[in-house]
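Okay, structure first, notes after.
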Amino acid sequence: MSYPSITLKKGEGRTLKSGGLWVFDNEIAAVSPDVVNGEMVSVLDFDGYPMGVGFYNHHSKITVRMMSRHADTVIDEAFLRRRVEDAWYYRKKTVDTSSCRVIFGEADYLPGLVVDKFSDVLVVQSLALGIDRLKETIVRLLLETLAKDGIHIRGVYERSDAKVRLQEGMEREKGFLSAPFDTKVEIVENGVHYMVDVEDGQKTGFFLDQKYNRLAIQKLCKGAKVLDCFTHTGSFALNAGIAGAESVLGVDASQLAVDQATENAKLNGLENTVRFQCCDVFSLLPELEEKGEKFDVIILDPPAFTKSRSSVKNATKGYREINLRAMKLLKDGGFLATCSCSHFMTYELFTKTIGQAAKNVHKRLRQVEYRTQSPDHPILWAADESYYLKFYIFQVTNQF
């Protein structure tokens, strides 16, 4: 099958040639007159050399998202079935699949598409025009693939309500892709029960990428006084509680999140150990310091302070501030779990920022471990956007 083509400028396509999956608008020299937004195109180098096949959208700065590096590929149902089956096979080999991310966009060679499985419910997020036109077929193929393993999905919900869709020239969409069902879904992760609100929760309803990082802090929390900052629906706090913490305070600026976290604590019988407070973390940390509070374990899981290169400098100040404050609140020898979920806050910059914070408050850091996102959010080498979560655990001590 022959697709319309786009041709790169001479010397451009560096991301693509180094293994990436994107072609940007300023890299394109020529476009066939029969190219249609959302449809497949063949990508040619400036000299006509075929680079592969992807879908086109002139509304987006990411004008082409690659589906295959093979120029003769036909993007049909058989092709999509292979992609879906490969994604599911990978999850079965690497993670607990009771709740997991089944499709992670570019890292599964299905750019712009996210599918999360929460027990027996799927949540779909489509962020690019080309994949949006294929999503119903992909969902059907995924249901068929899961059914082969005896997994029955009772409902599918779409959460394509992210602002980035507007940059693709699409409307934001949200609603059922199946017969209506109860959108409050109970899941179990690391022995902790949660009620996930797939309709109104953040993004797809729950952050699955920290699954094994949450498990990693359990061993530190037995008998400990714990502070969980930016707790969202209480996931780190509840892992601390179920591990036998003496007391846990979870803090978030969203009253809705705090209410959900409180319900999750009751669901696990932890309401007497784990409590939640709605307030601004940046205001609370100095208040706790002024009161002379000290904690054995502090967890910092903030939202992305930067979503663009232009705001990295201000984000760095924010990360430095919260880590500095947390170190001052820890008992000598206490433990700090700290992370960044921003792709633009690189490993090197995040590491440097934490080091500066420690130096500013005369603390020594003994690294326990460094982690990233759970394997169901795979990091695809040469596709830098797939590597976003940086997670450290330190023991924090006074200067010797």
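Please note that chains go A, B, ... in the order of the structure tokens, that every chain numbers its residues from 1, and that ligands are numbered from 1 in the order shown.
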
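Those residues that approach Arg69 in chain A to within 7 Å, counting only C-alpha atoms, are Met51, Gly52 and Val53 of chain A; same-chain residues fewer than 6 positions away are not listed.
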
How would the residues just chosen look if you wrote them out with all heavy atoms as a CSV table (one decimal), in the first residue's frame?
chain,number,residue,atom,x,y,z
A,51,MET,N,12.0,6.5,5.5
A,51,MET,CA,12.3,6.5,6.9
A,51,MET,C,11.3,5.7,7.7
A,51,MET,O,11.5,5.4,8.9
A,51,MET,CB,12.4,7.9,7.5
A,51,MET,CG,13.3,8.8,6.7
A,51,MET,SD,15.0,8.5,7.1
A,51,MET,CE,15.2,9.0,8.8
A,52,GLY,N,10.1,5.4,7.1
A,52,GLY,CA,9.1,4.7,7.8
A,52,GLY,C,7.7,5.3,7.6
A,52,GLY,O,7.5,6.1,6.7
A,53,VAL,N,6.7,4.9,8.4
A,53,VAL,CA,5.3,5.3,8.3
A,53,VAL,C,4.8,5.9,9.6
A,53,VAL,O,5.1,5.3,10.7
A,53,VAL,CB,4.5,4.1,7.9
A,53,VAL,CG1,3.0,4.5,7.8
A,53,VAL,CG2,4.9,3.5,6.5

Quiz item: Using only C-alpha atoms, which residues sit within 9 Å of Phe276 in chain A once same-chain residues fewer than 2 positions away are excluded, as number ranges by chain?
Solution: A: 231, 234, 237, 248-252, 258-259, 261-262, 274, 278

Quiz item: Excluding same-chain residues fewer than 3 positions from range 282-293 of chain A, what lies within 9 Å of it counting only C-alpha atoms, as number ranges by chain?
Solution: A: 251, 279, 318, 321-322, 325-326, 328-330

Write to file, as a PDB file, in the first residue's frame, the residues of the selection just made, with all heavy atoms.
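Generated file (again33.pdb):
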ATOM      1  N   VAL A 251      -0.798  15.048  53.242  1.00  0.00           N
ATOM      2  CA  VAL A 251      -1.165  16.442  52.978  1.00  0.00           C
ATOM      3  C   VAL A 251      -1.357  16.655  51.488  1.00  0.00           C
ATOM      4  O   VAL A 251      -0.548  16.205  50.666  1.00  0.00           O
ATOM      5  CB  VAL A 251      -0.061  17.397  53.490  1.00  0.00           C
ATOM      6  CG1 VAL A 251      -0.459  18.844  53.237  1.00  0.00           C
ATOM      7  CG2 VAL A 251       0.217  17.155  54.956  1.00  0.00           C
ATOM      8  N   CYS A 279      -4.116  21.293  52.775  1.00  0.00           N
ATOM      9  CA  CYS A 279      -3.374  22.551  52.902  1.00  0.00           C
ATOM     10  C   CYS A 279      -2.252  22.576  51.877  1.00  0.00           C
ATOM     11  O   CYS A 279      -1.938  21.569  51.236  1.00  0.00           O
ATOM     12  CB  CYS A 279      -2.822  22.745  54.308  1.00  0.00           C
ATOM     13  SG  CYS A 279      -1.625  21.515  54.783  1.00  0.00           S
ATOM     14  N   GLY A 318      11.435  25.266  43.235  1.00  0.00           N
ATOM     15  CA  GLY A 318      10.396  24.570  43.992  1.00  0.00           C
ATOM     16  C   GLY A 318      10.877  23.242  44.550  1.00  0.00           C
ATOM     17  O   GLY A 318      10.658  22.925  45.728  1.00  0.00           O
ATOM     18  N   GLU A 321      13.315  23.881  47.392  1.00  0.00           N
ATOM     19  CA  GLU A 321      12.646  24.357  48.596  1.00  0.00           C
ATOM     20  C   GLU A 321      11.991  23.218  49.373  1.00  0.00           C
ATOM     21  O   GLU A 321      12.188  23.093  50.597  1.00  0.00           O
ATOM     22  CB  GLU A 321      11.593  25.403  48.216  1.00  0.00           C
ATOM     23  CG  GLU A 321      10.693  25.869  49.348  1.00  0.00           C
ATOM     24  CD  GLU A 321      11.404  26.747  50.371  1.00  0.00           C
ATOM     25  OE1 GLU A 321      12.552  27.158  50.130  1.00  0.00           O
ATOM     26  OE2 GLU A 321      10.797  27.009  51.425  1.00  0.00           O
ATOM     27  N   ILE A 322      11.223  22.360  48.702  1.00  0.00           N
ATOM     28  CA  ILE A 322      10.518  21.315  49.451  1.00  0.00           C
ATOM     29  C   ILE A 322      11.490  20.273  50.003  1.00  0.00           C
ATOM     30  O   ILE A 322      11.291  19.744  51.099  1.00  0.00           O
ATOM     31  CB  ILE A 322       9.404  20.636  48.626  1.00  0.00           C
ATOM     32  CG1 ILE A 322       9.944  19.989  47.355  1.00  0.00           C
ATOM     33  CG2 ILE A 322       8.280  21.606  48.336  1.00  0.00           C
ATOM     34  CD1 ILE A 322       8.918  19.119  46.630  1.00  0.00           C
ATOM     35  N   ARG A 325      13.254  21.857  53.061  1.00  0.00           N
ATOM     36  CA  ARG A 325      12.349  21.899  54.219  1.00  0.00           C
ATOM     37  C   ARG A 325      12.149  20.509  54.812  1.00  0.00           C
ATOM     38  O   ARG A 325      12.113  20.339  56.045  1.00  0.00           O
ATOM     39  CB  ARG A 325      11.000  22.479  53.790  1.00  0.00           C
ATOM     40  CG  ARG A 325      11.031  23.936  53.379  1.00  0.00           C
ATOM     41  CD  ARG A 325      11.230  24.850  54.574  1.00  0.00           C
ATOM     42  NE  ARG A 325      11.223  26.249  54.191  1.00  0.00           N
ATOM     43  CZ  ARG A 325      11.420  27.243  55.046  1.00  0.00           C
ATOM     44  NH1 ARG A 325      11.632  26.992  56.320  1.00  0.00           N
ATOM     45  NH2 ARG A 325      11.416  28.490  54.626  1.00  0.00           N
ATOM     46  N   ALA A 326      12.002  19.509  53.937  1.00  0.00           N
ATOM     47  CA  ALA A 326      11.787  18.147  54.419  1.00  0.00           C
ATOM     48  C   ALA A 326      12.999  17.636  55.198  1.00  0.00           C
ATOM     49  O   ALA A 326      12.854  17.001  56.254  1.00  0.00           O
ATOM     50  CB  ALA A 326      11.488  17.219  53.241  1.00  0.00           C
ATOM     51  N   LYS A 328      15.061  19.318  56.949  1.00  0.00           N
ATOM     52  CA  LYS A 328      15.101  19.974  58.256  1.00  0.00           C
ATOM     53  C   LYS A 328      14.090  19.369  59.224  1.00  0.00           C
ATOM     54  O   LYS A 328      14.268  19.444  60.447  1.00  0.00           O
ATOM     55  CB  LYS A 328      14.850  21.479  58.085  1.00  0.00           C
ATOM     56  CG  LYS A 328      15.974  22.199  57.344  1.00  0.00           C
ATOM     57  CD  LYS A 328      15.645  23.650  57.060  1.00  0.00           C
ATOM     58  CE  LYS A 328      15.779  24.514  58.279  1.00  0.00           C
ATOM     59  NZ  LYS A 328      15.635  25.960  57.951  1.00  0.00           N
ATOM     60  N   LEU A 329      13.035  18.763  58.679  1.00  0.00           N
ATOM     61  CA  LEU A 329      11.989  18.181  59.522  1.00  0.00           C
ATOM     62  C   LEU A 329      12.274  16.738  59.906  1.00  0.00           C
ATOM     63  O   LEU A 329      11.563  16.168  60.736  1.00  0.00           O
ATOM     64  CB  LEU A 329      10.632  18.251  58.802  1.00  0.00           C
ATOM     65  CG  LEU A 329       9.945  19.614  58.768  1.00  0.00           C
ATOM     66  CD1 LEU A 329       8.779  19.595  57.798  1.00  0.00           C
ATOM     67  CD2 LEU A 329       9.464  20.002  60.168  1.00  0.00           C
ATOM     68  N   LEU A 330      13.291  16.135  59.293  1.00  0.00           N
ATOM     69  CA  LEU A 330      13.607  14.738  59.593  1.00  0.00           C
ATOM     70  C   LEU A 330      14.468  14.630  60.852  1.00  0.00           C
ATOM     71  O   LEU A 330      15.350  15.448  61.096  1.00  0.00           O
ATOM     72  CB  LEU A 330      14.361  14.100  58.424  1.00  0.00           C
ATOM     73  CG  LEU A 330      13.506  13.620  57.249  1.00  0.00           C
ATOM     74  CD1 LEU A 330      14.396  13.280  56.060  1.00  0.00           C
ATOM     75  CD2 LEU A 330      12.660  12.411  57.644  1.00  0.00           C
TER      76      LEU A 330
END

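For the residues A:His58, A:Tyr49, A:Cys100, A:Ala162, ranking by smallest atom-to-atom distance to His70 in chain A using only C-alpha atoms places A:Tyr49 first.
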
Quiz item: Which neighbours of Pro111 in chain A fall inside 7 Å, counting only C-alpha atoms, when residues of the same chain fewer than 2 positions from it are skipped, and could you give them as an NGL selection string?
Solution: :A and (65 or 105-106 or 109 or 113 or 131)

Quiz item: Any idea what's packed within 10 Å of range 188-190 of chain A, counting only C-alpha atoms, ignoring anything in its chain fewer than 5 positions away? Could you give it as a ChimeraX atom specification?
Solution: /A:96,98-100,118-119,195,208,211-212,214-215,218,235,239,242

How would the residues just picked look written out with all heavy atoms as a CSV table (one decimal), in the first residue's frame?
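In the end it all went to part-v2.csv:
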chain,number,residue,atom,x,y,z
A,96,ASP,N,2.5,-7.0,38.0
A,96,ASP,CA,1.3,-7.5,38.5
A,96,ASP,C,0.2,-6.8,37.6
A,96,ASP,O,0.1,-5.6,37.6
A,96,ASP,CB,1.1,-7.1,40.0
A,96,ASP,CG,-0.4,-7.2,40.4
A,96,ASP,OD1,-1.1,-8.0,39.8
A,96,ASP,OD2,-0.7,-6.5,41.4
A,98,SER,N,-3.1,-7.1,37.8
A,98,SER,CA,-4.5,-6.9,38.3
A,98,SER,C,-4.9,-5.4,38.0
A,98,SER,O,-6.1,-5.2,37.7
A,98,SER,CB,-4.5,-7.2,39.8
A,98,SER,OG,-3.6,-6.4,40.5
A,99,SER,N,-4.0,-4.5,38.2
A,99,SER,CA,-4.2,-3.1,37.8
A,99,SER,C,-2.8,-2.6,37.2
A,99,SER,O,-1.8,-2.7,37.9
A,99,SER,CB,-4.6,-2.2,38.9
A,99,SER,OG,-5.9,-2.5,39.4
A,100,CYS,N,-2.8,-2.2,36.0
A,100,CYS,CA,-1.6,-1.8,35.4
A,100,CYS,C,-1.8,-0.9,34.2
A,100,CYS,O,-3.0,-0.9,33.7
A,100,CYS,CB,-0.7,-3.0,35.0
A,100,CYS,SG,-1.4,-4.0,33.6
A,118,PHE,N,-7.8,-1.0,35.5
A,118,PHE,CA,-8.1,-1.0,37.0
A,118,PHE,C,-9.1,-2.1,37.3
A,118,PHE,O,-10.3,-2.0,37.0
A,118,PHE,CB,-8.8,0.4,37.4
A,118,PHE,CG,-7.9,1.6,37.1
A,118,PHE,CD1,-8.2,2.5,36.2
A,118,PHE,CD2,-6.7,1.7,37.9
A,118,PHE,CE1,-7.4,3.6,36.0
A,118,PHE,CE2,-5.9,2.8,37.7
A,118,PHE,CZ,-6.2,3.8,36.7
A,119,SER,N,-8.5,-3.2,37.8
A,119,SER,CA,-9.3,-4.4,38.0
A,119,SER,C,-10.0,-4.8,36.7
A,119,SER,O,-9.3,-5.2,35.8
A,119,SER,CB,-10.2,-4.2,39.2
A,119,SER,OG,-10.9,-5.4,39.5
A,195,MET,N,-10.3,3.0,46.3
A,195,MET,CA,-11.4,3.3,45.4
A,195,MET,C,-10.9,4.3,44.4
A,195,MET,O,-10.5,5.4,44.7
A,195,MET,CB,-12.6,3.9,46.2
A,195,MET,CG,-13.3,2.9,47.1
A,195,MET,SD,-13.9,1.4,46.2
A,195,MET,CE,-15.1,2.1,45.1
A,208,LEU,N,-0.6,4.8,38.6
A,208,LEU,CA,0.0,3.4,38.6
A,208,LEU,C,1.5,3.4,38.6
A,208,LEU,O,2.1,2.4,38.9
A,208,LEU,CB,-0.6,2.6,37.5
A,208,LEU,CG,-2.1,2.3,37.6
A,208,LEU,CD1,-2.6,1.8,36.2
A,208,LEU,CD2,-2.4,1.3,38.6
A,211,LYS,N,3.8,2.3,41.6
A,211,LYS,CA,3.4,1.0,42.3
A,211,LYS,C,4.5,0.5,43.1
A,211,LYS,O,4.4,0.2,44.4
A,211,LYS,CB,2.9,0.0,41.3
A,211,LYS,CG,2.6,-1.3,41.9
A,211,LYS,CD,2.3,-2.4,40.8
A,211,LYS,CE,1.1,-2.0,40.0
A,211,LYS,NZ,0.7,-3.2,39.1
A,212,TYR,N,5.6,0.2,42.5
A,212,TYR,CA,6.7,-0.5,43.2
A,212,TYR,C,7.6,0.5,44.1
A,212,TYR,O,8.3,0.1,45.0
A,212,TYR,CB,7.6,-1.2,42.3
A,212,TYR,CG,6.8,-2.3,41.6
A,212,TYR,CD1,6.5,-2.3,40.2
A,212,TYR,CD2,6.2,-3.4,42.4
A,212,TYR,CE1,5.8,-3.3,39.6
A,212,TYR,CE2,5.4,-4.4,41.8
A,212,TYR,CZ,5.2,-4.3,40.4
A,212,TYR,OH,4.4,-5.3,39.8
A,214,ARG,N,6.0,2.8,45.9
A,214,ARG,CA,5.2,2.7,47.1
A,214,ARG,C,5.6,1.5,48.0
A,214,ARG,O,5.7,1.6,49.2
A,214,ARG,CB,3.7,2.8,46.8
A,214,ARG,CG,3.3,4.1,46.2
A,214,ARG,CD,1.7,4.1,46.1
A,214,ARG,NE,1.2,3.5,44.9
A,214,ARG,CZ,0.9,4.2,43.8
A,214,ARG,NH1,1.0,5.5,43.7
A,214,ARG,NH2,0.4,3.6,42.7
A,215,LEU,N,5.8,0.4,47.3
A,215,LEU,CA,6.1,-0.8,48.0
A,215,LEU,C,7.5,-0.7,48.7
A,215,LEU,O,7.8,-1.2,49.8
A,215,LEU,CB,6.2,-2.0,47.0
A,215,LEU,CG,6.5,-3.4,47.6
A,215,LEU,CD1,5.4,-3.8,48.6
A,215,LEU,CD2,6.6,-4.4,46.5
A,218,GLN,N,7.7,0.8,52.2
A,218,GLN,CA,7.0,0.1,53.3
A,218,GLN,C,8.0,-0.4,54.4
A,218,GLN,O,7.7,-0.2,55.6
A,218,GLN,CB,6.2,-1.2,52.8
A,218,GLN,CG,4.9,-0.8,52.1
A,218,GLN,CD,4.1,-2.0,51.9
A,218,GLN,OE1,4.3,-3.1,52.4
A,218,GLN,NE2,3.0,-1.9,51.0
A,235,SER,N,-1.9,7.3,48.5
A,235,SER,CA,-1.3,6.0,48.2
A,235,SER,C,0.0,5.8,49.0
A,235,SER,O,0.1,4.7,49.6
A,235,SER,CB,-1.0,5.9,46.7
A,235,SER,OG,-0.2,7.0,46.3
A,239,ASN,N,0.4,3.0,52.2
A,239,ASN,CA,1.5,2.0,52.2
A,239,ASN,C,2.3,2.1,53.5
A,239,ASN,O,2.7,1.0,54.0
A,239,ASN,CB,2.4,2.2,51.0
A,239,ASN,CG,1.9,1.4,49.8
A,239,ASN,OD1,2.2,0.3,49.5
A,239,ASN,ND2,1.0,2.1,49.0
A,242,ILE,N,-0.1,0.6,56.3
A,242,ILE,CA,-0.3,-0.9,56.2
A,242,ILE,C,1.0,-1.6,56.6
A,242,ILE,O,1.0,-2.7,57.1
A,242,ILE,CB,-0.8,-1.3,54.9
A,242,ILE,CG1,-1.6,-2.6,55.0
A,242,ILE,CG2,0.3,-1.5,53.9
A,242,ILE,CD1,-2.4,-3.0,53.8

Quiz item: Between A:His343, A:Arg165, A:Lys317, A:His362, which is the closest to Lys390 in chain A once you count only C-alpha atoms?
Solution: A:His343

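Residues within 9 Å of Ser386 in chain A, counting only C-alpha atoms and excluding same-chain residues fewer than 5 positions away, are Phe104, Gly105, Glu106, Ala107, His343, His377, Pro378, Ile379, Leu380 and Trp381 of chain A.
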
Output file for the residues above (N, CA, C and O atoms, as a short mmCIF file (atom, residue, chain, number, x, y, z; two decimals), in the first residue's frame):
data_model
loop_
_atom_site.label_atom_id
_atom_site.label_comp_id
_atom_site.auth_asym_id
_atom_site.auth_seq_id
_atom_site.Cartn_x
_atom_site.Cartn_y
_atom_site.Cartn_z
N PHE A 104 1.26 2.24 26.76
CA PHE A 104 1.95 3.48 27.17
C PHE A 104 2.52 4.17 25.94
O PHE A 104 3.72 4.29 25.76
N GLY A 105 1.61 4.60 25.06
CA GLY A 105 1.96 5.47 23.95
C GLY A 105 3.16 5.02 23.14
O GLY A 105 3.28 3.88 22.69
N GLU A 106 4.08 5.96 22.97
CA GLU A 106 5.27 5.74 22.16
C GLU A 106 6.08 4.53 22.62
O GLU A 106 6.67 3.82 21.79
N ALA A 107 6.12 4.26 23.91
CA ALA A 107 6.92 3.15 24.42
C ALA A 107 6.37 1.79 24.00
O ALA A 107 7.07 0.79 24.06
N HIS A 343 9.30 15.19 32.82
CA HIS A 343 10.31 14.80 31.83
C HIS A 343 11.40 15.86 31.71
O HIS A 343 12.57 15.54 31.51
N HIS A 377 5.14 1.18 32.64
CA HIS A 377 5.38 2.47 31.99
C HIS A 377 6.81 2.43 31.42
O HIS A 377 7.70 3.14 31.90
N PRO A 378 7.07 1.56 30.45
CA PRO A 378 8.45 1.29 30.05
C PRO A 378 9.17 2.51 29.51
O PRO A 378 8.57 3.38 28.88
N ILE A 379 10.46 2.55 29.79
CA ILE A 379 11.33 3.59 29.24
C ILE A 379 11.91 3.06 27.94
O ILE A 379 12.66 2.09 27.94
N LEU A 380 11.54 3.70 26.85
CA LEU A 380 12.03 3.29 25.54
C LEU A 380 13.27 4.11 25.22
O LEU A 380 13.20 5.33 25.07
N TRP A 381 14.40 3.46 25.15
CA TRP A 381 15.64 4.18 24.87
C TRP A 381 15.55 4.89 23.54
O TRP A 381 14.98 4.37 22.57
#

Practice problem: Tell me, as a PyMOL selection string, which residues lie within 8 Å of range 299-314 of chain A, counting only C-alpha atoms; anything in the same chain fewer than 2 positions away does not count. | Solution: chain A and resi 226-231+236+297+316-319+322-323+336-345

Exercise. Enumerate, as a PyMOL selection string, the complete set of residues in range 16-137 of chain A that a backbone-based DSSP assignment places in helix (DSSP H, G or I).
Key: chain A and resi 16-17+25-27+77-94+105-108+129-132+135-137

Closest-contact table, range 171-245 of chain A side, partner range 264-267 of chain A, 7 Å, counting only C-alpha atoms, as JSON lines:
{"residue": "A:His193", "atom": "CA", "partner": "A:Leu267", "partner_atom": "CA", "distance": 6.6}
{"residue": "A:Tyr194", "atom": "CA", "partner": "A:Asn264", "partner_atom": "CA", "distance": 5.4}
{"residue": "A:Met195", "atom": "CA", "partner": "A:Asn264", "partner_atom": "CA", "distance": 6.5}
{"residue": "A:Leu238", "atom": "CA", "partner": "A:Ala265", "partner_atom": "CA", "distance": 6.7}

Expected file: the selected residues, all heavy atoms, as a PDB file, in the first residue's frame:
ATOM      1  N   HIS A 193      -6.036  -1.397  49.609  1.00  0.00           N
ATOM      2  CA  HIS A 193      -7.267  -1.227  48.828  1.00  0.00           C
ATOM      3  C   HIS A 193      -7.497   0.261  48.539  1.00  0.00           C
ATOM      4  O   HIS A 193      -7.285   1.114  49.410  1.00  0.00           O
ATOM      5  CB  HIS A 193      -8.473  -1.772  49.609  1.00  0.00           C
ATOM      6  CG  HIS A 193      -8.447  -3.258  49.789  1.00  0.00           C
ATOM      7  ND1 HIS A 193      -9.294  -4.105  49.109  1.00  0.00           N
ATOM      8  CD2 HIS A 193      -7.660  -4.046  50.564  1.00  0.00           C
ATOM      9  CE1 HIS A 193      -9.045  -5.354  49.459  1.00  0.00           C
ATOM     10  NE2 HIS A 193      -8.058  -5.340  50.345  1.00  0.00           N
ATOM     11  N   TYR A 194      -7.924   0.543  47.313  1.00  0.00           N
ATOM     12  CA  TYR A 194      -8.258   1.915  46.915  1.00  0.00           C
ATOM     13  C   TYR A 194      -9.568   1.914  46.152  1.00  0.00           C
ATOM     14  O   TYR A 194      -9.864   0.975  45.402  1.00  0.00           O
ATOM     15  CB  TYR A 194      -7.196   2.492  45.962  1.00  0.00           C
ATOM     16  CG  TYR A 194      -5.791   2.511  46.465  1.00  0.00           C
ATOM     17  CD1 TYR A 194      -4.932   1.449  46.205  1.00  0.00           C
ATOM     18  CD2 TYR A 194      -5.291   3.602  47.176  1.00  0.00           C
ATOM     19  CE1 TYR A 194      -3.621   1.464  46.650  1.00  0.00           C
ATOM     20  CE2 TYR A 194      -3.978   3.616  47.617  1.00  0.00           C
ATOM     21  CZ  TYR A 194      -3.148   2.546  47.360  1.00  0.00           C
ATOM     22  OH  TYR A 194      -1.846   2.563  47.797  1.00  0.00           O
ATOM     23  N   MET A 195     -10.312   3.004  46.307  1.00  0.00           N
ATOM     24  CA  MET A 195     -11.426   3.281  45.409  1.00  0.00           C
ATOM     25  C   MET A 195     -10.926   4.267  44.359  1.00  0.00           C
ATOM     26  O   MET A 195     -10.511   5.378  44.694  1.00  0.00           O
ATOM     27  CB  MET A 195     -12.616   3.865  46.158  1.00  0.00           C
ATOM     28  CG  MET A 195     -13.320   2.871  47.062  1.00  0.00           C
ATOM     29  SD  MET A 195     -13.938   1.378  46.204  1.00  0.00           S
ATOM     30  CE  MET A 195     -15.117   2.118  45.061  1.00  0.00           C
ATOM     31  N   LEU A 238      -0.925   5.365  52.781  1.00  0.00           N
ATOM     32  CA  LEU A 238      -1.565   4.096  53.113  1.00  0.00           C
ATOM     33  C   LEU A 238      -0.573   2.941  53.077  1.00  0.00           C
ATOM     34  O   LEU A 238      -0.690   1.996  53.863  1.00  0.00           O
ATOM     35  CB  LEU A 238      -2.733   3.842  52.160  1.00  0.00           C
ATOM     36  CG  LEU A 238      -3.889   4.842  52.288  1.00  0.00           C
ATOM     37  CD1 LEU A 238      -4.889   4.675  51.168  1.00  0.00           C
ATOM     38  CD2 LEU A 238      -4.577   4.697  53.640  1.00  0.00           C
TER      39      LEU A 238
END

I need the residues of range 243-335 of chain A that end up classed as strand (DSSP E) by DSSP on the backbone, written out as a tab-separated table (two decimals) with C-alpha atoms, in the first residue's frame.
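Saved as result_28.tsv:
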chain	number	residue	atom	x	y	z
A	247	SER	CA	1.29	7.62	62.74
A	248	VAL	CA	0.93	9.06	59.25
A	249	LEU	CA	-0.05	12.55	58.11
A	250	GLY	CA	-0.92	12.94	54.43
A	251	VAL	CA	-1.17	16.44	52.98
A	252	ASP	CA	-2.68	17.70	49.73
A	274	VAL	CA	-3.46	7.58	58.87
A	275	ARG	CA	-5.02	11.03	58.77
A	276	PHE	CA	-5.17	13.63	56.03
A	277	GLN	CA	-5.09	17.41	55.93
A	278	CYS	CA	-6.00	19.82	53.13
A	295	PHE	CA	9.46	12.83	61.46
A	296	ASP	CA	11.12	9.46	60.88
A	297	VAL	CA	10.07	9.28	57.21
A	298	ILE	CA	9.01	12.02	54.79
A	299	ILE	CA	7.69	11.37	51.28
A	300	LEU	CA	7.65	14.08	48.59
A	330	LEU	CA	13.61	14.74	59.59
A	331	LYS	CA	15.10	13.26	62.73
A	332	ASP	CA	18.82	12.56	62.48
A	333	GLY	CA	19.01	9.30	60.52
A	334	GLY	CA	15.48	9.64	59.17
A	335	PHE	CA	14.52	8.70	55.62

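Between Ser60 in chain A and the residues A:Val23, A:Ile6, A:Ala78, A:Val368, the shortest atom-to-atom distance, using only C-alpha atoms, involves A:Val23.
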
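Counting only C-alpha atoms and comparing A:Tyr56, A:Phe181, A:Phe350, A:Phe46, the residue that lies closest to Phe24 in chain A is A:Tyr56.
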
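Proximity ranking of A:Val123, A:Leu389, A:Leu134, A:Leu8 relative to Phe79 in chain A places A:Leu134 first, based on only C-alpha atoms.
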
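Considering the residues A:Gln260, A:Leu220, A:Asn213, A:Leu80 and counting only C-alpha atoms, Asp197 in chain A has its shortest atom-to-atom contact with A:Gln260.
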